[in-house]
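S.K.: The structure that follows is given in the form of structure tokens.
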Amino acid sequence: MALRKWRARAGRLAGQPAGALLPVAADEWVPVATDVAATGGQLLALWTTPRDGATAAAVSAAYLADGAPLVARLALTDGQRYRGLQELFPAAARMQRAAADLSGIHADAPDERPWLRHAAWPADQAPLLSPPPLPVPPWTVDDYAFVRVTGEGVHEVPVGPVHAGIIEPGHFRFSIVGEKVLRLEERLGYVHKGIERRFTELAAGDAHRLAARVCGDSAVAYSWAYCQALESLAATIVPPRATALRAVGLELERLQNHLGDLGALGNDAGFAFGLAQFSRLKEELTRAIASAFGQRYLLDLVVPGGVAAVPDAIAGRELGAVVARTASRVRELRGIYGEHAGVRDRFAGAGIVAPELARRLGLAGLAGRASGQSLDLRVDAPWPPYDRFRPKPCGRDDGDVAARVDVRFDEVEESSRLVRALLDDLPEGPERATLASPVEGELGIGLIEGWRGPVLVALELAAGGRIRRCHPHDPSWQNWPVLEHAVIGNIVPDFPLINKSFNLAYSGHDL
């Protein structure tokens with residue numbers, strides 16, 4: 001009933017047919033969040049927007065409530081703080097810290113440590129403010145106050161941010177007794193890519209290329225979410241042929257990531273055969289994707305109004321055949337993984353996230369579905385063509401590494417089926433529509449179920465089609481804090497295996 005009251009007051013949310021945009025007063029900001037939490041809703045993203053000329057600064061929170069997006073937006077005066085939402089949605093804590101670093105707009109919250117800044121710009125400046133930050137002089141790095149665990153036999157093991165391999169930087173501070181982990185605290189955001197600032201310097205019709213590069217392993221998800229937001233502001237209907245090809249790209253992206261992860265998980269369990277076989281399958285699939293679409297990874301497939309590439313009949317048939325062969329071989333490898341006692345022993349019972357904890361912390365996407373959280377936007381809030389080609393839900397309740405592996409195997413099977421079905425029933429007609437002039441001053445939301453979970457892009461345009469604000473949000477914001485809980489009580493050598501079973505994005509945090 002309470003949510004119905006808020007929705008009745010809300011206006012249209014561009015890009016989401018059942019979505020709503022709700023301007024709120026300061027004393028309504030937390031009550032809206034409270035009502036969303038009380039009905040089992042989820043926080044999708046939180047971001048701030050600095051003042052732009054006569055347009056006031058604001059803080060926005062996007063929720064998924066009763067199966068549809070609801071964006072609450074609170075206008076702020078210069079220097080005004082807003083109440084933090086971390087008590088209702090724990091994942092909000094880091095989102096609020098990142099927003100403060102980027103925009104200078106702070107929440108009233110217990111934890112105000114910098115999350116993205118790392119002394120990369122002066123503390124009294126922010127990348128989203130104008131003029132941009134000055135070049136950074138060589139000053140002392142911030143003294144970041146990690147939470148200390150004390151007691152007899154407790155010691156710390158710091159890992160990273162520079163790792164012994166080709167991997168993005170991230171720091172992990174373990175507090176352990178013997179080999180048992182008592183606490184893990186993460187620190188991310190070391191690269192300082194300047195993504196959110198860069199969006200404001202691009203034309204709206206070109207920024208899909210940057211969106212695709214927010215997080216390279218989710219290029220289709222991000223570029224589709226961006227284009228969905230832009231197309232909604234331009235009232236552009238994407239042709240059915242283009243939406244089908246976008247879905248093909250999204251499912252191929254899911255397959256590529258799951259194949260890579262299943263091999264890496266086997267390797268982390270001491271089963272190098274698994275890595276070799278899944279690497280071979282991923283490479284065969286990637287070569288077929290390159291033959292069909294002209295790119296090994298589909299960074300430039302999704303463009304405003306449609307798609308940039310269409311496989312010819314021969315390449316499409318060959319791609320479908322490769323996908324079918326891949327699914328067949330994955331079924332064989334699943335049996336081998338299941339019969340291998342050493343692999344079963346390492347997977348089962350490691351890194352458990354119980355369903356109740358997953359619900360409380362907002363665990364999203366693949367990892368959430370392995371811990372009893374069934375949400376999959378392709379199933380629960382389908383957009384074209386998923387309103388016709390709905391995937392079979394995949395999930396488990398055990399919440400351990402084995403469960404996350406099983407969900408991956410299930411999703412490989414289902415994504416393989418979807419790709420073949422989409423290619424076999426590819427609509428005729430144009431693959432791209434002409435984009436009309438987008439509406440200025442409105443908020444457009446793109447929301448796509450990527451392979452990790454919900455990818456959200458919030459887009460707002462100013463005069464002349466300039467991007468006033470673009471916020472890309474990765475589901476890893478919800479899931480990184482849960483990893484800290486998943487490793488408690490496990491031994492340190494199991495951390496790489498548990499971490500890989502989540503496979504969260506470093507790049508998606510570096511805004």
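Residue numbering restarts at 1 for every chain of the structure tokens, chains are lettered A, B, ... in their displayed order, and ligands are numbered from 1 as they appear.
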If we count only C-alpha atoms, what is near range 107-118 of chain A at a cut-off of 8 Å, once residues fewer than 2 positions away on the same chain are taken out, given as a VMD selection string?

M.R.: chain A and resid 81 to 84 86 93 to 94 96 to 98 100 to 102 105 120 to 121 141 to 142 144 to 145 187 to 190 192 510 to 511

S.K.: Using only C-alpha atoms, which protein or nucleic acid residues come within 7 Å of range 344-360 of chain A? Drop anything in the same chain fewer than 6 positions from it, and give the result as a ChimeraX atom specification.

M.R.: /A:269,338,368,371-373,397-402,486-487,490,498

S.K.: Could you pull out all residues of range 189-398 of chain A with a DSSP call of alpha helix (DSSP H) and give them as a ChimeraX atom specification?

M.R.: /A:195-199,208-211,219-233,240-268,272-293,313-339,341-347,355-361,365-369,377-380

S.K.: Using the selection just defined, write its residues with C-alpha atoms as a compact mmCIF listing (two decimals), in the first residue's frame.

M.R.:
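Result file is selection_12.txt:
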# COMPACT_ATOMS: atom_id res chain seq x y z
CA ILE A 195 34.53 7.53 -16.82
CA GLU A 196 31.73 9.66 -15.35
CA ARG A 197 33.57 12.92 -16.08
CA ARG A 198 34.36 11.78 -19.64
CA PHE A 199 30.67 11.13 -20.36
CA HIS A 208 27.68 4.36 -26.36
CA ARG A 209 31.29 3.52 -27.26
CA LEU A 210 32.48 4.71 -23.87
CA ALA A 211 29.63 2.83 -22.16
CA ALA A 219 30.37 -4.49 -23.20
CA VAL A 220 27.04 -5.54 -24.72
CA ALA A 221 25.19 -5.09 -21.42
CA TYR A 222 26.54 -1.58 -20.84
CA SER A 223 26.17 -0.34 -24.41
CA TRP A 224 22.63 -1.73 -24.60
CA ALA A 225 21.71 -0.09 -21.28
CA TYR A 226 23.13 3.24 -22.49
CA CYS A 227 21.33 3.03 -25.83
CA GLN A 228 18.12 1.99 -24.12
CA ALA A 229 18.26 5.14 -21.98
CA LEU A 230 19.11 7.38 -24.97
CA GLU A 231 16.46 5.80 -27.22
CA SER A 232 13.82 6.37 -24.56
CA LEU A 233 14.70 10.07 -24.38
CA PRO A 240 12.72 -6.19 -33.89
CA ARG A 241 15.66 -7.44 -35.97
CA ALA A 242 18.01 -5.21 -33.98
CA THR A 243 16.64 -6.21 -30.56
CA ALA A 244 17.03 -9.88 -31.49
CA LEU A 245 20.66 -9.33 -32.54
CA ARG A 246 21.35 -7.37 -29.35
CA ALA A 247 20.04 -10.33 -27.37
CA VAL A 248 22.25 -12.69 -29.37
CA GLY A 249 25.22 -10.51 -28.44
CA LEU A 250 24.20 -10.40 -24.78
CA GLU A 251 23.88 -14.18 -24.56
CA LEU A 252 27.17 -14.73 -26.39
CA GLU A 253 28.81 -12.41 -23.86
CA ARG A 254 27.32 -14.52 -21.08
CA LEU A 255 28.65 -17.69 -22.70
CA GLN A 256 32.16 -16.28 -23.14
CA ASN A 257 32.38 -15.28 -19.48
CA HIS A 258 30.93 -18.50 -18.11
CA LEU A 259 33.27 -20.63 -20.24
CA GLY A 260 36.28 -18.65 -19.04
CA ASP A 261 35.20 -18.81 -15.41
CA LEU A 262 34.40 -22.52 -15.43
CA GLY A 263 37.90 -23.22 -16.71
CA ALA A 264 39.52 -20.88 -14.17
CA LEU A 265 37.52 -22.42 -11.33
CA GLY A 266 38.71 -25.88 -12.32
CA ASN A 267 42.28 -24.59 -12.36
CA ASP A 268 41.88 -22.99 -8.90
CA ALA A 272 44.27 -27.96 -15.02
CA PHE A 273 42.44 -30.20 -17.49
CA GLY A 274 39.33 -28.13 -16.92
CA LEU A 275 41.15 -24.89 -17.71
CA ALA A 276 42.56 -26.34 -20.92
CA GLN A 277 39.22 -27.66 -22.16
CA PHE A 278 37.13 -24.60 -21.33
CA SER A 279 39.80 -22.27 -22.74
CA ARG A 280 39.66 -24.21 -26.00
CA LEU A 281 35.86 -23.98 -26.11
CA LYS A 282 35.90 -20.26 -25.35
CA GLU A 283 38.43 -19.63 -28.11
CA GLU A 284 36.39 -21.61 -30.65
CA LEU A 285 33.30 -19.63 -29.73
CA THR A 286 35.18 -16.31 -29.81
CA ARG A 287 36.51 -17.04 -33.30
CA ALA A 288 32.98 -17.83 -34.48
CA ILE A 289 31.77 -14.52 -32.99
CA ALA A 290 34.55 -12.69 -34.83
CA SER A 291 33.55 -14.35 -38.11
CA ALA A 292 29.89 -13.46 -37.62
CA PHE A 293 30.15 -9.91 -36.23
CA ALA A 313 23.36 -16.39 -43.53
CA ILE A 314 26.46 -18.60 -43.68
CA ALA A 315 28.17 -16.98 -40.68
CA GLY A 316 24.93 -17.13 -38.70
CA ARG A 317 24.50 -20.85 -39.36
CA GLU A 318 28.13 -21.52 -38.45
CA LEU A 319 27.80 -19.52 -35.23
CA GLY A 320 24.69 -21.48 -34.27
CA ALA A 321 26.50 -24.75 -34.98
CA VAL A 322 29.49 -23.73 -32.84
CA VAL A 323 27.17 -22.76 -30.00
CA ALA A 324 25.41 -26.14 -30.23
CA ARG A 325 28.72 -28.04 -30.19
CA THR A 326 29.92 -25.95 -27.27
CA ALA A 327 26.81 -26.79 -25.24
CA SER A 328 27.26 -30.49 -25.95
CA ARG A 329 30.89 -30.47 -24.84
CA VAL A 330 30.08 -28.44 -21.73
CA ARG A 331 27.57 -31.11 -20.72
CA GLU A 332 30.37 -33.69 -20.95
CA LEU A 333 32.72 -31.51 -18.90
CA ARG A 334 30.03 -30.97 -16.29
CA GLY A 335 29.92 -34.71 -15.78
CA ILE A 336 33.70 -34.84 -15.43
CA TYR A 337 33.70 -32.01 -12.86
CA GLY A 338 30.94 -33.78 -10.93
CA GLU A 339 32.81 -37.10 -10.85
CA ALA A 341 36.48 -36.09 -6.03
CA GLY A 342 39.13 -33.38 -5.64
CA VAL A 343 37.06 -30.78 -7.50
CA ARG A 344 33.91 -31.67 -5.56
CA ASP A 345 35.79 -31.39 -2.28
CA ARG A 346 37.12 -27.91 -3.08
CA PHE A 347 33.80 -26.57 -4.40
CA PRO A 355 19.93 -17.10 1.35
CA GLU A 356 18.93 -14.89 4.29
CA LEU A 357 22.30 -13.13 4.30
CA ALA A 358 22.13 -12.78 0.51
CA ARG A 359 18.71 -11.15 0.82
CA ARG A 360 19.84 -8.81 3.61
CA LEU A 361 22.95 -7.65 1.76
CA GLY A 365 22.69 -11.57 -10.41
CA LEU A 366 24.44 -14.90 -10.88
CA ALA A 367 25.81 -15.00 -7.33
CA GLY A 368 22.41 -14.09 -5.91
CA ARG A 369 20.66 -16.83 -7.88
CA LEU A 377 15.41 -9.30 -15.28
CA ARG A 378 15.15 -11.33 -18.48
CA VAL A 379 12.53 -13.45 -16.73
CA ASP A 380 10.99 -11.12 -14.14

S.K.: Measure the distance from CA of Gly294 in chain A to CA of Ala212 in chain A in Å and round it to one decimal.

M.R.: 15.9 Å

S.K.: Any idea what's packed within 8 Å of Ile237 in chain A, counting only C-alpha atoms, ignoring anything in its chain fewer than 2 positions away? Could you give it as a PyMOL selection string?

M.R.: chain A and resi 231+235+239+305+433

S.K.: Leaving out range 57-64 of chain A and any residue of its chain fewer than 5 positions from it, which residues lie within 7 Å of it when counting only C-alpha atoms, given as an mmCIF file with N, CA and C atoms, in the first residue's frame?

M.R.:
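What follows is the written file around-v8.cif:
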data_model
loop_
_atom_site.group_PDB
_atom_site.id
_atom_site.type_symbol
_atom_site.label_atom_id
_atom_site.label_comp_id
_atom_site.auth_asym_id
_atom_site.auth_seq_id
_atom_site.Cartn_x
_atom_site.Cartn_y
_atom_site.Cartn_z
ATOM 1 N N GLY A 41 11.910 -5.003 -1.840
ATOM 2 C CA GLY A 41 12.542 -4.381 -3.001
ATOM 3 C C GLY A 41 14.043 -4.286 -2.856
ATOM 4 N N GLN A 42 14.710 -3.925 -3.939
ATOM 5 C CA GLN A 42 16.166 -3.880 -3.976
ATOM 6 C C GLN A 42 16.656 -2.504 -4.410
ATOM 7 N N LEU A 43 17.802 -2.111 -3.886
ATOM 8 C CA LEU A 43 18.480 -0.910 -4.357
ATOM 9 C C LEU A 43 19.306 -1.280 -5.574
ATOM 10 N N LEU A 44 18.983 -0.680 -6.707
ATOM 11 C CA LEU A 44 19.727 -0.951 -7.937
ATOM 12 C C LEU A 44 20.969 -0.080 -8.045
ATOM 13 N N ALA A 45 20.863 1.200 -7.668
ATOM 14 C CA ALA A 45 21.991 2.122 -7.810
ATOM 15 C C ALA A 45 21.695 3.393 -7.028
ATOM 16 N N LEU A 46 22.759 4.106 -6.664
ATOM 17 C CA LEU A 46 22.648 5.418 -6.020
ATOM 18 C C LEU A 46 23.730 6.306 -6.610
ATOM 19 N N TRP A 47 23.358 7.545 -6.989
ATOM 20 C CA TRP A 47 24.329 8.460 -7.563
ATOM 21 C C TRP A 47 23.920 9.900 -7.252
ATOM 22 N N THR A 48 24.874 10.797 -7.380
ATOM 23 C CA THR A 48 24.620 12.213 -7.159
ATOM 24 C C THR A 48 24.909 12.996 -8.432
ATOM 25 N N THR A 49 24.247 14.142 -8.560
ATOM 26 C CA THR A 49 24.406 15.010 -9.716
ATOM 27 C C THR A 49 24.716 16.416 -9.221
ATOM 28 N N PRO A 50 25.876 16.962 -9.546
ATOM 29 C CA PRO A 50 26.199 18.324 -9.088
ATOM 30 C C PRO A 50 25.289 19.371 -9.729
ATOM 31 N N ARG A 51 25.247 20.536 -9.108
ATOM 32 C CA ARG A 51 24.484 21.655 -9.671
ATOM 33 C C ARG A 51 25.061 22.029 -11.037
ATOM 34 N N PRO A 69 11.107 -0.524 -11.920
ATOM 35 C CA PRO A 69 12.024 0.484 -11.366
ATOM 36 C C PRO A 69 11.276 1.683 -10.777
ATOM 37 N N LEU A 70 11.814 2.191 -9.695
ATOM 38 C CA LEU A 70 11.338 3.413 -9.067
ATOM 39 C C LEU A 70 12.565 4.240 -8.713
ATOM 40 N N VAL A 71 12.676 5.433 -9.272
ATOM 41 C CA VAL A 71 13.813 6.305 -8.988
ATOM 42 C C VAL A 71 13.336 7.444 -8.100
ATOM 43 N N ALA A 72 13.866 7.500 -6.878
ATOM 44 C CA ALA A 72 13.601 8.612 -5.971
ATOM 45 C C ALA A 72 14.699 9.646 -6.150
ATOM 46 N N ARG A 73 14.311 10.915 -6.330
ATOM 47 C CA ARG A 73 15.300 11.973 -6.548
ATOM 48 C C ARG A 73 15.058 13.110 -5.567
ATOM 49 N N LEU A 74 16.106 13.472 -4.845
ATOM 50 C CA LEU A 74 16.055 14.541 -3.851
ATOM 51 C C LEU A 74 16.913 15.703 -4.321
ATOM 52 N N ALA A 75 16.288 16.869 -4.554
ATOM 53 C CA ALA A 75 17.036 18.073 -4.912
ATOM 54 C C ALA A 75 17.752 18.606 -3.674
ATOM 55 N N LEU A 76 18.975 19.106 -3.877
ATOM 56 C CA LEU A 76 19.818 19.565 -2.775
ATOM 57 C C LEU A 76 20.301 20.989 -3.026
ATOM 58 N N THR A 77 20.415 21.743 -1.967
ATOM 59 C CA THR A 77 21.057 23.047 -2.062
ATOM 60 C C THR A 77 22.563 22.868 -1.934
#

S.K.: Would you please give, as a compact mmCIF listing (two decimals) with N, CA and C atoms, in the first residue's frame, all residues of range 137-328 of chain A that DSSP assigns to strand (DSSP E or B) based on the backbone?

M.R.:
# COMPACT_ATOMS: atom_id res chain seq x y z
N VAL A 154 46.05 -13.04 16.26
CA VAL A 154 45.48 -12.42 15.06
C VAL A 154 46.58 -11.64 14.33
N HIS A 155 46.68 -11.84 13.05
CA HIS A 155 47.62 -11.06 12.25
C HIS A 155 47.00 -10.74 10.90
N GLU A 156 47.61 -9.80 10.20
CA GLU A 156 47.08 -9.33 8.92
C GLU A 156 47.91 -9.84 7.75
N VAL A 157 47.21 -10.13 6.66
CA VAL A 157 47.86 -10.47 5.40
C VAL A 157 47.33 -9.50 4.35
N PRO A 158 48.16 -8.55 3.90
CA PRO A 158 47.72 -7.64 2.83
C PRO A 158 48.01 -8.24 1.46
N VAL A 159 47.05 -8.15 0.57
CA VAL A 159 47.20 -8.66 -0.80
C VAL A 159 46.85 -7.53 -1.76
N HIS A 171 42.86 -4.09 -3.51
CA HIS A 171 43.55 -4.45 -2.28
C HIS A 171 42.63 -5.25 -1.37
N PHE A 172 43.18 -6.33 -0.79
CA PHE A 172 42.44 -7.18 0.14
C PHE A 172 43.24 -7.27 1.44
N ARG A 173 42.63 -6.85 2.54
CA ARG A 173 43.29 -6.87 3.85
C ARG A 173 42.64 -7.97 4.69
N PHE A 174 43.36 -9.10 4.86
CA PHE A 174 42.86 -10.24 5.63
C PHE A 174 43.31 -10.14 7.08
N SER A 175 42.38 -10.36 8.00
CA SER A 175 42.73 -10.58 9.41
C SER A 175 42.48 -12.05 9.68
N ILE A 176 43.55 -12.76 10.12
CA ILE A 176 43.46 -14.22 10.21
C ILE A 176 44.06 -14.73 11.52
N VAL A 177 43.63 -15.92 11.89
CA VAL A 177 44.26 -16.70 12.95
C VAL A 177 44.64 -18.03 12.33
N LYS A 180 42.67 -19.48 9.18
CA LYS A 180 41.25 -19.14 9.14
C LYS A 180 41.07 -17.62 9.03
N VAL A 181 40.18 -17.22 8.13
CA VAL A 181 39.91 -15.80 7.92
C VAL A 181 38.87 -15.33 8.93
N LEU A 182 39.24 -14.29 9.70
CA LEU A 182 38.30 -13.67 10.63
C LEU A 182 37.57 -12.50 9.99
N ARG A 183 38.28 -11.80 9.13
CA ARG A 183 37.70 -10.62 8.48
C ARG A 183 38.46 -10.34 7.20
N LEU A 184 37.74 -9.86 6.20
CA LEU A 184 38.33 -9.36 4.97
C LEU A 184 37.79 -7.96 4.74
N GLU A 185 38.68 -7.03 4.43
CA GLU A 185 38.26 -5.69 4.03
C GLU A 185 38.89 -5.36 2.69
N GLU A 186 38.06 -4.92 1.76
CA GLU A 186 38.51 -4.62 0.41
C GLU A 186 38.72 -3.11 0.25
N ARG A 187 39.57 -2.77 -0.72
CA ARG A 187 39.67 -1.39 -1.18
C ARG A 187 39.90 -1.43 -2.69
N ALA A 203 29.30 13.80 -27.03
CA ALA A 203 27.96 13.93 -27.59
C ALA A 203 27.16 12.69 -27.25
N VAL A 302 26.33 -2.78 -30.35
CA VAL A 302 25.12 -2.03 -30.04
C VAL A 302 25.37 -0.55 -30.27
N VAL A 303 24.52 0.06 -31.09
CA VAL A 303 24.64 1.49 -31.41
C VAL A 303 23.25 2.11 -31.23
N GLY A 306 19.93 0.67 -32.93
CA GLY A 306 19.99 -0.71 -33.40
C GLY A 306 21.34 -1.35 -33.20
N VAL A 307 21.84 -1.99 -34.25
CA VAL A 307 23.13 -2.67 -34.19
C VAL A 307 23.98 -2.26 -35.38
